[in-house]
Amino acid sequence: KKAVTLRTLRAKYEKQQPICMATAYDYPSAVHVDQADIDIILVGDSVSMVVHGHDTTLPITLDDMLMHCKAVARGAARAFLVGDLPFGSYELSTTEAVRSAIRMLKEGGMDAVKLEGGSPARVEAARAIVEAGVAVMGHVGLTPQSVSVLGGFRPQAQVASEAVRVINQAKALQASGCFAIVLECIPAPIAAAVTKALRIPTIGIGAGPQCSGQVLVYHDLLGMMSHPHHAKVTPKFCKRYAEVGTIIQQALVQYRQEVADGLFPGQQYSPYSIQQQEVDLLV
Ligand code: KIV
Ligand code: NA
């Protein structure tokens with residue numbers, strides 16, 4: 001049985017203990033995030049950018065996401081698992097939204113799904129998915145799947161007057177039955193106002209310290225590379241807790257050098273040996 005469920009997340013929220021979420025995309029990253037006691041693993045469609053090397057999250061398909069979800073589910077024993085519904089898998093009809101969400105649970109092994117946006121159509125999709133028996137996490141503010149209409153990855157709600165729009169979207173998602181809402185790239189005071197207006201947790205990314213929880217992208221927080229999530233660099237709001245990319249690069253260069261210099265494998269890493277003379281006698 002899972003250690004982290006909607007009930008334990010709810011209990012944390014009620015005790016005002018910050019909820020921690022991180023992304024993971026495969027077996028090893030899931031094992032690492034799980035063993036760090038992080039509450040929620042998000043199999044984010046950010047995989048499109050940080051793993052597949054695309055400039056946006058748009059190209060990743062539902063089948064691609066399902067493959068990543070399955071790998072993460074094999075590596076995570078205790079965390080609550082949320083799978084991102086990718087662009088194109090929930091916009092066409094509520095029927096298709098429900099079908100995609102069910103696949104994330106039945107095939108992907110997820111505990112819940114996440115979808116982007118707070119428009120009436122997105123809220124309706126969220127409601128239909130919850131009614132079908134799948135828990136939904138909302139996502140407002142910067143919604144990277146809308147890059148085509150937004151005209152780029154830009155911070156959202158940069159004027160106080162937009163606070164009302166964001167709060168209304170979040171409230172509509174809450175009313176549809178969402179159990180939590182991601183707030184991405186909005187000013188801290190607006191995120192604080194949304195958090196105060198809701199009775200479900202907000203999970204912030206680039207949204208200041210007053211959300212009910214925080215989320216970061218695995219590759220960003222580990223300093224895997226200066227890769228494109230929102231831009232061609234680590235986003236301004238992301239703290240790099242390590243420089244793993246530097247360690248990987250150093251190890252690979254050292255390996256290449258040792259092979260070139262004939263230093264690897266050497267005696268120590270040649271465990272399968274018999275007397276050379278015995279071989280010489282036969283061949
Ligand atoms: O795909 C992702 O990683 C996300 C988080 C940034 C919330 O949606
Ligand atoms: Na996402």
# chains A, B, ... in the order shown; residues from 1 in each chain; ligands from 1
>>> select_by_dssp(residues="range 95-190 of chain A", states="helix (DSSP H, G or I)", output="PDB file with N, CA and C atoms, in the first residue's frame")
ATOM      1  N   THR A  95     -15.134  13.206 -23.681  1.00  0.00           N
ATOM      2  CA  THR A  95     -14.998  11.750 -23.838  1.00  0.00           C
ATOM      3  C   THR A  95     -13.535  11.375 -24.004  1.00  0.00           C
ATOM      4  N   GLU A  96     -12.837  12.123 -24.884  1.00  0.00           N
ATOM      5  CA  GLU A  96     -11.438  11.810 -25.116  1.00  0.00           C
ATOM      6  C   GLU A  96     -10.594  12.135 -23.875  1.00  0.00           C
ATOM      7  N   ALA A  97     -10.962  13.203 -23.185  1.00  0.00           N
ATOM      8  CA  ALA A  97     -10.238  13.558 -21.955  1.00  0.00           C
ATOM      9  C   ALA A  97     -10.341  12.427 -20.937  1.00  0.00           C
ATOM     10  N   VAL A  98     -11.544  11.897 -20.782  1.00  0.00           N
ATOM     11  CA  VAL A  98     -11.762  10.805 -19.821  1.00  0.00           C
ATOM     12  C   VAL A  98     -10.997   9.565 -20.278  1.00  0.00           C
ATOM     13  N   ARG A  99     -11.058   9.273 -21.580  1.00  0.00           N
ATOM     14  CA  ARG A  99     -10.354   8.086 -22.099  1.00  0.00           C
ATOM     15  C   ARG A  99      -8.842   8.203 -21.835  1.00  0.00           C
ATOM     16  N   SER A 100      -8.267   9.375 -22.099  1.00  0.00           N
ATOM     17  CA  SER A 100      -6.829   9.589 -21.881  1.00  0.00           C
ATOM     18  C   SER A 100      -6.476   9.456 -20.403  1.00  0.00           C
ATOM     19  N   ALA A 101      -7.323  10.031 -19.552  1.00  0.00           N
ATOM     20  CA  ALA A 101      -7.053   9.994 -18.107  1.00  0.00           C
ATOM     21  C   ALA A 101      -7.091   8.557 -17.594  1.00  0.00           C
ATOM     22  N   ILE A 102      -8.061   7.792 -18.059  1.00  0.00           N
ATOM     23  CA  ILE A 102      -8.182   6.393 -17.625  1.00  0.00           C
ATOM     24  C   ILE A 102      -6.957   5.593 -18.070  1.00  0.00           C
ATOM     25  N   ARG A 103      -6.459   5.873 -19.273  1.00  0.00           N
ATOM     26  CA  ARG A 103      -5.250   5.156 -19.728  1.00  0.00           C
ATOM     27  C   ARG A 103      -4.051   5.456 -18.819  1.00  0.00           C
ATOM     28  N   MET A 104      -3.965   6.700 -18.319  1.00  0.00           N
ATOM     29  CA  MET A 104      -2.850   7.064 -17.430  1.00  0.00           C
ATOM     30  C   MET A 104      -2.871   6.225 -16.159  1.00  0.00           C
ATOM     31  N   LEU A 105      -4.059   5.854 -15.699  1.00  0.00           N
ATOM     32  CA  LEU A 105      -4.153   5.013 -14.497  1.00  0.00           C
ATOM     33  C   LEU A 105      -4.008   3.533 -14.846  1.00  0.00           C
ATOM     34  N   LYS A 106      -4.804   3.078 -15.817  1.00  0.00           N
ATOM     35  CA  LYS A 106      -4.829   1.639 -16.108  1.00  0.00           C
ATOM     36  C   LYS A 106      -3.532   1.144 -16.719  1.00  0.00           C
ATOM     37  N   PRO A 120     -13.517  27.432 -19.401  1.00  0.00           N
ATOM     38  CA  PRO A 120     -14.694  26.573 -19.168  1.00  0.00           C
ATOM     39  C   PRO A 120     -14.538  25.172 -19.765  1.00  0.00           C
ATOM     40  N   ALA A 121     -13.929  25.057 -20.929  1.00  0.00           N
ATOM     41  CA  ALA A 121     -13.768  23.739 -21.549  1.00  0.00           C
ATOM     42  C   ALA A 121     -12.833  22.854 -20.730  1.00  0.00           C
ATOM     43  N   ARG A 122     -11.743  23.451 -20.214  1.00  0.00           N
ATOM     44  CA  ARG A 122     -10.787  22.669 -19.411  1.00  0.00           C
ATOM     45  C   ARG A 122     -11.429  22.243 -18.094  1.00  0.00           C
ATOM     46  N   VAL A 123     -12.227  23.166 -17.509  1.00  0.00           N
ATOM     47  CA  VAL A 123     -12.906  22.867 -16.240  1.00  0.00           C
ATOM     48  C   VAL A 123     -13.898  21.729 -16.440  1.00  0.00           C
ATOM     49  N   GLU A 124     -14.585  21.746 -17.585  1.00  0.00           N
ATOM     50  CA  GLU A 124     -15.547  20.691 -17.902  1.00  0.00           C
ATOM     51  C   GLU A 124     -14.830  19.342 -18.056  1.00  0.00           C
ATOM     52  N   ALA A 125     -13.661  19.370 -18.694  1.00  0.00           N
ATOM     53  CA  ALA A 125     -12.883  18.136 -18.848  1.00  0.00           C
ATOM     54  C   ALA A 125     -12.457  17.610 -17.484  1.00  0.00           C
ATOM     55  N   ALA A 126     -12.000  18.515 -16.620  1.00  0.00           N
ATOM     56  CA  ALA A 126     -11.575  18.107 -15.271  1.00  0.00           C
ATOM     57  C   ALA A 126     -12.735  17.457 -14.532  1.00  0.00           C
ATOM     58  N   ARG A 127     -13.913  18.072 -14.645  1.00  0.00           N
ATOM     59  CA  ARG A 127     -15.094  17.541 -13.941  1.00  0.00           C
ATOM     60  C   ARG A 127     -15.436  16.140 -14.446  1.00  0.00           C
ATOM     61  N   ALA A 128     -15.407  15.958 -15.761  1.00  0.00           N
ATOM     62  CA  ALA A 128     -15.753  14.652 -16.345  1.00  0.00           C
ATOM     63  C   ALA A 128     -14.749  13.581 -15.921  1.00  0.00           C
ATOM     64  N   ILE A 129     -13.475  13.953 -15.851  1.00  0.00           N
ATOM     65  CA  ILE A 129     -12.437  12.982 -15.459  1.00  0.00           C
ATOM     66  C   ILE A 129     -12.624  12.581 -13.994  1.00  0.00           C
ATOM     67  N   VAL A 130     -12.885  13.579 -13.140  1.00  0.00           N
ATOM     68  CA  VAL A 130     -13.107  13.269 -11.713  1.00  0.00           C
ATOM     69  C   VAL A 130     -14.329  12.375 -11.567  1.00  0.00           C
ATOM     70  N   GLU A 131     -15.395  12.685 -12.334  1.00  0.00           N
ATOM     71  CA  GLU A 131     -16.622  11.873 -12.248  1.00  0.00           C
ATOM     72  C   GLU A 131     -16.378  10.436 -12.706  1.00  0.00           C
ATOM     73  N   PRO A 144       2.442  25.848 -20.307  1.00  0.00           N
ATOM     74  CA  PRO A 144       3.344  25.740 -21.469  1.00  0.00           C
ATOM     75  C   PRO A 144       2.701  25.120 -22.713  1.00  0.00           C
ATOM     76  N   GLN A 145       1.634  24.334 -22.542  1.00  0.00           N
ATOM     77  CA  GLN A 145       0.968  23.770 -23.720  1.00  0.00           C
ATOM     78  C   GLN A 145       0.270  24.859 -24.546  1.00  0.00           C
ATOM     79  N   SER A 146       0.095  26.063 -23.958  1.00  0.00           N
ATOM     80  CA  SER A 146      -0.548  27.168 -24.680  1.00  0.00           C
ATOM     81  C   SER A 146       0.470  28.093 -25.341  1.00  0.00           C
ATOM     82  N   VAL A 147       1.708  27.618 -25.500  1.00  0.00           N
ATOM     83  CA  VAL A 147       2.773  28.487 -26.019  1.00  0.00           C
ATOM     84  C   VAL A 147       2.397  29.099 -27.367  1.00  0.00           C
ATOM     85  N   SER A 148       1.636  28.370 -28.163  1.00  0.00           N
ATOM     86  CA  SER A 148       1.232  28.872 -29.479  1.00  0.00           C
ATOM     87  C   SER A 148       0.383  30.134 -29.362  1.00  0.00           C
ATOM     88  N   VAL A 149      -0.559  30.145 -28.437  1.00  0.00           N
ATOM     89  CA  VAL A 149      -1.407  31.328 -28.283  1.00  0.00           C
ATOM     90  C   VAL A 149      -0.792  32.376 -27.353  1.00  0.00           C
ATOM     91  N   LEU A 150       0.097  31.935 -26.445  1.00  0.00           N
ATOM     92  CA  LEU A 150       0.744  32.898 -25.533  1.00  0.00           C
ATOM     93  C   LEU A 150       1.873  33.639 -26.240  1.00  0.00           C
ATOM     94  N   ALA A 160      -1.749  43.432 -11.310  1.00  0.00           N
ATOM     95  CA  ALA A 160      -2.637  43.054 -10.204  1.00  0.00           C
ATOM     96  C   ALA A 160      -4.044  42.724 -10.692  1.00  0.00           C
ATOM     97  N   SER A 161      -4.479  43.416 -11.756  1.00  0.00           N
ATOM     98  CA  SER A 161      -5.846  43.206 -12.250  1.00  0.00           C
ATOM     99  C   SER A 161      -6.062  41.779 -12.743  1.00  0.00           C
ATOM    100  N   GLU A 162      -4.960  41.082 -13.121  1.00  0.00           N
ATOM    101  CA  GLU A 162      -5.107  39.708 -13.606  1.00  0.00           C
ATOM    102  C   GLU A 162      -5.268  38.702 -12.472  1.00  0.00           C
ATOM    103  N   ALA A 163      -5.064  39.192 -11.227  1.00  0.00           N
ATOM    104  CA  ALA A 163      -5.204  38.303 -10.067  1.00  0.00           C
ATOM    105  C   ALA A 163      -6.599  37.693 -10.034  1.00  0.00           C
ATOM    106  N   VAL A 164      -7.598  38.522 -10.358  1.00  0.00           N
ATOM    107  CA  VAL A 164      -8.994  38.066 -10.296  1.00  0.00           C
ATOM    108  C   VAL A 164      -9.235  36.931 -11.282  1.00  0.00           C
ATOM    109  N   ARG A 165      -8.656  37.056 -12.502  1.00  0.00           N
ATOM    110  CA  ARG A 165      -8.831  36.015 -13.516  1.00  0.00           C
ATOM    111  C   ARG A 165      -8.213  34.694 -13.044  1.00  0.00           C
ATOM    112  N   VAL A 166      -6.999  34.781 -12.486  1.00  0.00           N
ATOM    113  CA  VAL A 166      -6.324  33.562 -12.026  1.00  0.00           C
ATOM    114  C   VAL A 166      -7.105  32.931 -10.866  1.00  0.00           C
ATOM    115  N   ILE A 167      -7.563  33.764  -9.939  1.00  0.00           N
ATOM    116  CA  ILE A 167      -8.340  33.238  -8.794  1.00  0.00           C
ATOM    117  C   ILE A 167      -9.619  32.571  -9.294  1.00  0.00           C
ATOM    118  N   ASN A 168     -10.288  33.197 -10.259  1.00  0.00           N
ATOM    119  CA  ASN A 168     -11.542  32.618 -10.768  1.00  0.00           C
ATOM    120  C   ASN A 168     -11.308  31.289 -11.471  1.00  0.00           C
ATOM    121  N   GLN A 169     -10.222  31.206 -12.242  1.00  0.00           N
ATOM    122  CA  GLN A 169      -9.895  29.930 -12.892  1.00  0.00           C
ATOM    123  C   GLN A 169      -9.617  28.850 -11.848  1.00  0.00           C
ATOM    124  N   ALA A 170      -8.835  29.218 -10.838  1.00  0.00           N
ATOM    125  CA  ALA A 170      -8.487  28.246  -9.787  1.00  0.00           C
ATOM    126  C   ALA A 170      -9.730  27.802  -9.035  1.00  0.00           C
ATOM    127  N   LYS A 171     -10.616  28.737  -8.759  1.00  0.00           N
ATOM    128  CA  LYS A 171     -11.861  28.392  -8.044  1.00  0.00           C
ATOM    129  C   LYS A 171     -12.738  27.473  -8.882  1.00  0.00           C
ATOM    130  N   ALA A 172     -12.784  27.736 -10.193  1.00  0.00           N
ATOM    131  CA  ALA A 172     -13.590  26.889 -11.084  1.00  0.00           C
ATOM    132  C   ALA A 172     -13.022  25.477 -11.125  1.00  0.00           C
ATOM    133  N   LEU A 173     -11.696  25.365 -11.142  1.00  0.00           N
ATOM    134  CA  LEU A 173     -11.065  24.036 -11.134  1.00  0.00           C
ATOM    135  C   LEU A 173     -11.337  23.334  -9.807  1.00  0.00           C
ATOM    136  N   GLN A 174     -11.280  24.088  -8.728  1.00  0.00           N
ATOM    137  CA  GLN A 174     -11.598  23.522  -7.407  1.00  0.00           C
ATOM    138  C   GLN A 174     -13.031  22.994  -7.407  1.00  0.00           C
ATOM    139  N   ALA A 175     -13.955  23.776  -7.947  1.00  0.00           N
ATOM    140  CA  ALA A 175     -15.364  23.374  -7.970  1.00  0.00           C
ATOM    141  C   ALA A 175     -15.573  22.136  -8.846  1.00  0.00           C
ATOM    142  N   SER A 176     -14.706  21.943  -9.836  1.00  0.00           N
ATOM    143  CA  SER A 176     -14.836  20.776 -10.709  1.00  0.00           C
ATOM    144  C   SER A 176     -14.371  19.505 -10.017  1.00  0.00           C
ATOM    145  N   ALA A 188       4.355  36.330  -6.607  1.00  0.00           N
ATOM    146  CA  ALA A 188       4.102  35.730  -5.292  1.00  0.00           C
ATOM    147  C   ALA A 188       2.816  36.249  -4.630  1.00  0.00           C
ATOM    148  N   PRO A 189       2.536  37.543  -4.692  1.00  0.00           N
ATOM    149  CA  PRO A 189       1.322  38.024  -4.017  1.00  0.00           C
ATOM    150  C   PRO A 189       0.039  37.469  -4.641  1.00  0.00           C
ATOM    151  N   ILE A 190       0.057  37.239  -5.961  1.00  0.00           N
ATOM    152  CA  ILE A 190      -1.128  36.655  -6.604  1.00  0.00           C
ATOM    153  C   ILE A 190      -1.262  35.193  -6.206  1.00  0.00           C
TER     154      ILE A 190
END
>>> closest_atom_pairs(of="chain A", to="ligand 1", cutoff="6 Å", atoms="only C-alpha atoms and all ligand atoms", output="JSON lines")
{"residue": "A:Thr23", "atom": "CA", "partner": "ligand 1", "partner_atom_place_in_ligand_line": "3 (O)", "distance": 5.8}
{"residue": "A:Gly44", "atom": "CA", "partner": "ligand 1", "partner_atom_place_in_ligand_line": "1 (O)", "distance": 3.3}
{"residue": "A:Asp45", "atom": "CA", "partner": "ligand 1", "partner_atom_place_in_ligand_line": "1 (O)", "distance": 4.1}
{"residue": "A:Ser46", "atom": "CA", "partner": "ligand 1", "partner_atom_place_in_ligand_line": "1 (O)", "distance": 3.8}
{"residue": "A:Val217", "atom": "CA", "partner": "ligand 1", "partner_atom_place_in_ligand_line": "3 (O)", "distance": 5.3}
>>> write_last_selection(atoms="N, CA and C atoms", output="PDB file, in the first residue's frame")
ATOM      1  N   THR A  23       9.496  16.293 -10.501  1.00  0.00           N
ATOM      2  CA  THR A  23       9.204  15.463 -11.667  1.00  0.00           C
ATOM      3  C   THR A  23      10.172  14.281 -11.704  1.00  0.00           C
ATOM      4  N   GLY A  44       5.947  14.736 -15.743  1.00  0.00           N
ATOM      5  CA  GLY A  44       5.569  15.963 -16.445  1.00  0.00           C
ATOM      6  C   GLY A  44       5.779  15.833 -17.947  1.00  0.00           C
ATOM      7  N   ASP A  45       4.968  16.597 -18.689  1.00  0.00           N
ATOM      8  CA  ASP A  45       5.214  16.636 -20.134  1.00  0.00           C
ATOM      9  C   ASP A  45       6.461  17.473 -20.434  1.00  0.00           C
ATOM     10  N   SER A  46       7.073  18.046 -19.388  1.00  0.00           N
ATOM     11  CA  SER A  46       8.399  18.656 -19.523  1.00  0.00           C
ATOM     12  C   SER A  46       9.410  17.623 -20.021  1.00  0.00           C
ATOM     13  N   VAL A 217      11.388  20.854 -11.633  1.00  0.00           N
ATOM     14  CA  VAL A 217      11.719  19.863 -12.648  1.00  0.00           C
ATOM     15  C   VAL A 217      13.054  19.204 -12.276  1.00  0.00           C
TER      16      VAL A 217
END
>>> residues_near_ligand(ligand="ligand 2", cutoff="9 Å", atoms="only C-alpha atoms and all ligand atoms", output="VMD selection string")
chain A and resid 42 to 47 57 83 to 86 114 to 116 139 143 to 145
>>> atom_distance(atom1="CA of Ala79 in chain A", atom2="CA of Tyr27 in chain A")
13.4 Å
>>> residues_around(residues="Ala192 in chain A", least_positions_apart="2", cutoff="9 Å", atoms="only C-alpha atoms", output="ChimeraX atom specification")
/A:187-190,194-197,207-211
>>> write_last_selection(atoms="N, CA and C atoms", output="PDB file, in the first residue's frame")
ATOM      1  N   PRO A 187       3.282  36.220 -10.031  1.00  0.00           N
ATOM      2  CA  PRO A 187       3.863  36.940  -8.896  1.00  0.00           C
ATOM      3  C   PRO A 187       3.433  36.313  -7.561  1.00  0.00           C
ATOM      4  N   ALA A 188       4.355  36.330  -6.607  1.00  0.00           N
ATOM      5  CA  ALA A 188       4.102  35.730  -5.292  1.00  0.00           C
ATOM      6  C   ALA A 188       2.816  36.249  -4.630  1.00  0.00           C
ATOM      7  N   PRO A 189       2.536  37.543  -4.692  1.00  0.00           N
ATOM      8  CA  PRO A 189       1.322  38.024  -4.017  1.00  0.00           C
ATOM      9  C   PRO A 189       0.039  37.469  -4.641  1.00  0.00           C
ATOM     10  N   ILE A 190       0.057  37.239  -5.961  1.00  0.00           N
ATOM     11  CA  ILE A 190      -1.128  36.655  -6.604  1.00  0.00           C
ATOM     12  C   ILE A 190      -1.262  35.193  -6.206  1.00  0.00           C
ATOM     13  N   VAL A 194      -4.414  33.434  -4.355  1.00  0.00           N
ATOM     14  CA  VAL A 194      -5.094  32.223  -4.849  1.00  0.00           C
ATOM     15  C   VAL A 194      -5.112  31.174  -3.739  1.00  0.00           C
ATOM     16  N   THR A 195      -3.958  30.986  -3.097  1.00  0.00           N
ATOM     17  CA  THR A 195      -3.839  29.971  -2.040  1.00  0.00           C
ATOM     18  C   THR A 195      -4.833  30.253  -0.924  1.00  0.00           C
ATOM     19  N   LYS A 196      -4.967  31.525  -0.585  1.00  0.00           N
ATOM     20  CA  LYS A 196      -5.891  31.924   0.486  1.00  0.00           C
ATOM     21  C   LYS A 196      -7.350  31.707   0.083  1.00  0.00           C
ATOM     22  N   ALA A 197      -7.621  31.902  -1.217  1.00  0.00           N
ATOM     23  CA  ALA A 197      -9.009  31.811  -1.701  1.00  0.00           C
ATOM     24  C   ALA A 197      -9.491  30.369  -1.841  1.00  0.00           C
ATOM     25  N   ALA A 207       6.292  30.786  -8.242  1.00  0.00           N
ATOM     26  CA  ALA A 207       5.087  31.445  -7.738  1.00  0.00           C
ATOM     27  C   ALA A 207       5.244  31.853  -6.269  1.00  0.00           C
ATOM     28  N   GLY A 208       6.476  31.948  -5.808  1.00  0.00           N
ATOM     29  CA  GLY A 208       6.730  32.453  -4.464  1.00  0.00           C
ATOM     30  C   GLY A 208       6.527  31.423  -3.365  1.00  0.00           C
ATOM     31  N   PRO A 209       6.782  31.862  -2.121  1.00  0.00           N
ATOM     32  CA  PRO A 209       6.849  30.936  -0.980  1.00  0.00           C
ATOM     33  C   PRO A 209       5.511  30.665  -0.289  1.00  0.00           C
ATOM     34  N   GLN A 210       4.441  31.319  -0.700  1.00  0.00           N
ATOM     35  CA  GLN A 210       3.211  31.197   0.095  1.00  0.00           C
ATOM     36  C   GLN A 210       2.202  30.215  -0.489  1.00  0.00           C
ATOM     37  N   CYS A 211       2.661  29.338  -1.387  1.00  0.00           N
ATOM     38  CA  CYS A 211       1.796  28.277  -1.892  1.00  0.00           C
ATOM     39  C   CYS A 211       1.757  27.153  -0.854  1.00  0.00           C
TER      40      CYS A 211
END
>>> residues_around(residues="Leu58 in chain A", least_positions_apart="2", cutoff="7 Å", atoms="only C-alpha atoms", output="number ranges by chain")
A: 56, 60, 87, 145
>>> atom_distance(atom1="CA of Cys20 in chain A", atom2="CA of Ile203 in chain A")
8.2 Å
>>> select_by_dssp(residues="range 42-177 of chain A", states="strand (DSSP E or B)", output="MDAnalysis selection string")
chainID A and resid 42:43 80:84 112:114 135:141
>>> closest_residue(among="A:Arg199, A:Lys15, A:His52, A:Arg240", to="His219 in chain A", atoms="only C-alpha atoms")
A:Arg240
>>> residues_around(residues="Gly245 in chain A", least_positions_apart="4", cutoff="7 Å", atoms="only C-alpha atoms", output="JSON, numbers by chain")
{"A": [223, 224, 225, 249]}
>>> atom_distance(atom1="CA of Leu81 in chain A", atom2="CA of Cys238 in chain A")
21.9 Å
